Every structure is written in structure tokens, then in C-alpha cells.
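Enquirer: This is the structure I want to talk about, given as C-alpha cells.
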Amino acid sequence: MMQQNEDAPREQSTLARILRLFIGGLLVVFTIGVVAGFGMASHEKGEVTLKGIAVVSVVVLLCGSLAWWLLRKGSEGEWLPRSPRQRTNRIVLYGTVALGAVAGFLFQLGDQRAPGDASLLAYDTPLDPTVALVLLAAMPLLGWLYYRWHQSADEHDLAAYNFGGMLALYAFFFLSIGWWIAWRGGFVAEPQGYAIFWVVIIVWSLGWMWRRYR
């Protein structure tokens with residue numbers, strides 16, 4: 001009887017690869033933002049302090065090293081399975097993640113909030129019309145990617161997806177009704193559809209990941 005080599009490296013899951021690449025990319029953007037912000041602030045003040053250089057250098061070193069490690073680990077292993085169905089599913093998954101990243105960048109680029117407004121979830125601020133048209137035009141592509149994912153997903157993945165959707169439906173029902181009743185009773189502020197939407201998405205994603213990768 002052949003024994004498995006316990007010293008052989010384990011193949012990382014698709015979720016682990018995507019999370020490492022995503023977090024590594026965010027750290028790269030954050031590091032660039034720190035350097036650019038320090039440069040702009042120094043230019044406005046007309047001076048560069050040694051303390052500022054030291055702090056920025058430490059941040060760049062730590063974040064840059066962690067970003068490099070995450071990007072390197074995320075790029076290891078097999079990117080595309082040999083099975084045609086699983087290969088299609090993986091390509092669609094990568095495409096969906098890339099489209100979401102581009103959409104997030106466009107949201108930040110086209111946000112027309114008032115000067116000095118540093119709120120993180122300013123969902124009701126005006127959006128540049130050109131950016132809005134591009135995002136609306138991309139929605140059919142997102143729908144097609146979802147359709148292709150359902151066609152190429154296996155039974156286990158679909159079962160996990162449906163489990164997350166069931167939890168998300170329960171979350172929407174109880175949160176929206178409970179928040180509405182509490183608001184009418186004077187206990188909380190008026191219900192916010194944007195907040196409820198994101199709770200539903202997060203519950204759906206966590207439910208799917210828990211059932212898929214546990």
C-alpha cells in the first residue's frame with residue numbers, strides 16, 4: 001500500500017489565493033498612497049522632517065514586505081484546473097473579482113463628495129455621470145458572468161451557494177422587519193437600505209465560504 005507523502009506541500013484553495021492577492025494588492029495601493037500623501041504634505045509645508053521620513057520608511061518596509069509575501073504566495077500553485085468545466089468556472093471567478101475591483105476603483109474615482117467629507121460609506125453623494133454610465137453598462141457583463149458561473153459550478157459549490165443564499169434571505173427578512181419595527185418604536189434611526197444590502201451580501205458570502213471550505 002502506497003502512503004501519501006506528508007511532507008508534500010498542500011495546494012492552496014482558490015479562496016486563499018484570491019484573498020492573498022486581494023489583500024496584497026490593497027497593501028500596495030495603501031503603500032503608494034502613504035508615500036504620495038507624505039510627499040504632498042511635505043510640499044505644502046515646504047519642509048521634510050526626519051521623523052516623517054522615518055515613519056513613512058517603516059510603513060513602506062512593513063506593508064511592502066507583507067504585500068510582496070502575499071502576492072508571491074497567492075501566485076503559487078495551479079491557476080487553472082485541467083477539467084474544462086472547472087477551468088471555465090475558475091476563469092469566470094477571476095473575471096468577477098477583476099470586474100469588482102475595477103468597479104470599486106471607478107466608484108472612488110467618480111465620487112463627487114464635498115471637500116473635507118472623509119466618510120467611508122457616503123453612498124448618497126453625487127457620482128460622475130460618465131462613471132455612472134460605465135458602471136451601468138457593465139451590469140449586463142456581471143449578469144453574464146453569474147450565469148456562466150452557475151453553468152460551470154459543481155454540485156458542492158452550488159449547494160454552498162444556495163446555503164449562503166438561504167442565510168442571506170433570513171438575514172434580510174429579520175433585519176429589515178426588525179429594524180422597521182424598532183424604528184417605529186423610537187429605538188433606532190430610520191432603516192437604511194444600503195446597510196441592509198451589505199449585511200445580506202456579507203452573510204451570503206460567509207455562508208457560502210463556510211459551507212464550501214469547511
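Each chain of the C-alpha cells is named A, B, ... in the order shown, its residues numbered from 1; ligands are numbered from 1 in display order.
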Write out as a PyMOL selection string each polymer residue whose atoms come within 8 Å of A:Leu27, counting only C-alpha atoms; drop sequence neighbours fewer than 5 positions from it.

Expert: chain A and resi 63-64+66-67

Enquirer: Just C-alpha atoms for this one: save the residues we selected as a compact mmCIF listing (two decimals), in the first residue's frame.

Expert:
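File written: out.txt
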# COMPACT_ATOMS: atom_id res chain seq x y z
CA CYS A 63 3.49 46.98 4.22
CA GLY A 64 5.72 46.41 1.19
CA LEU A 66 3.81 41.86 3.64
CA ALA A 67 2.37 42.77 0.23

Enquirer: Do you have the atom CA of A:Leu127-atom CA of A:Gly110 distance handy?

Expert: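 Between these atoms lies a distance of 5.4 Å.
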
Enquirer: Have a look at atom CA of A:Ala159 and atom CA of A:Leu145 and let me know their distance in Å, one decimal.

Expert: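 Pair atom CA of A:Ala159 / atom CA of A:Leu145 returns 18.5 Å.
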
Enquirer: For A:Val97, which residue out of A:Phe187, A:Trp179, A:Trp69, A:Phe22 is the nearest one, using only C-alpha atoms?

Expert: A:Phe22

Enquirer: Counting only C-alpha atoms, which residue out of A:Thr125, A:Gln86, A:Gln192, A:Thr130 sits closest to A:Ser176?

Expert: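 For A:Ser176, the nearest of the given residues is A:Gln192.
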
Enquirer: Between atom CA of A:Asn89 and atom CA of A:Trp144, what distance in Å does the model show, to one decimal?

Expert: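 Rounded to one decimal, the two atoms are 12.6 Å apart.
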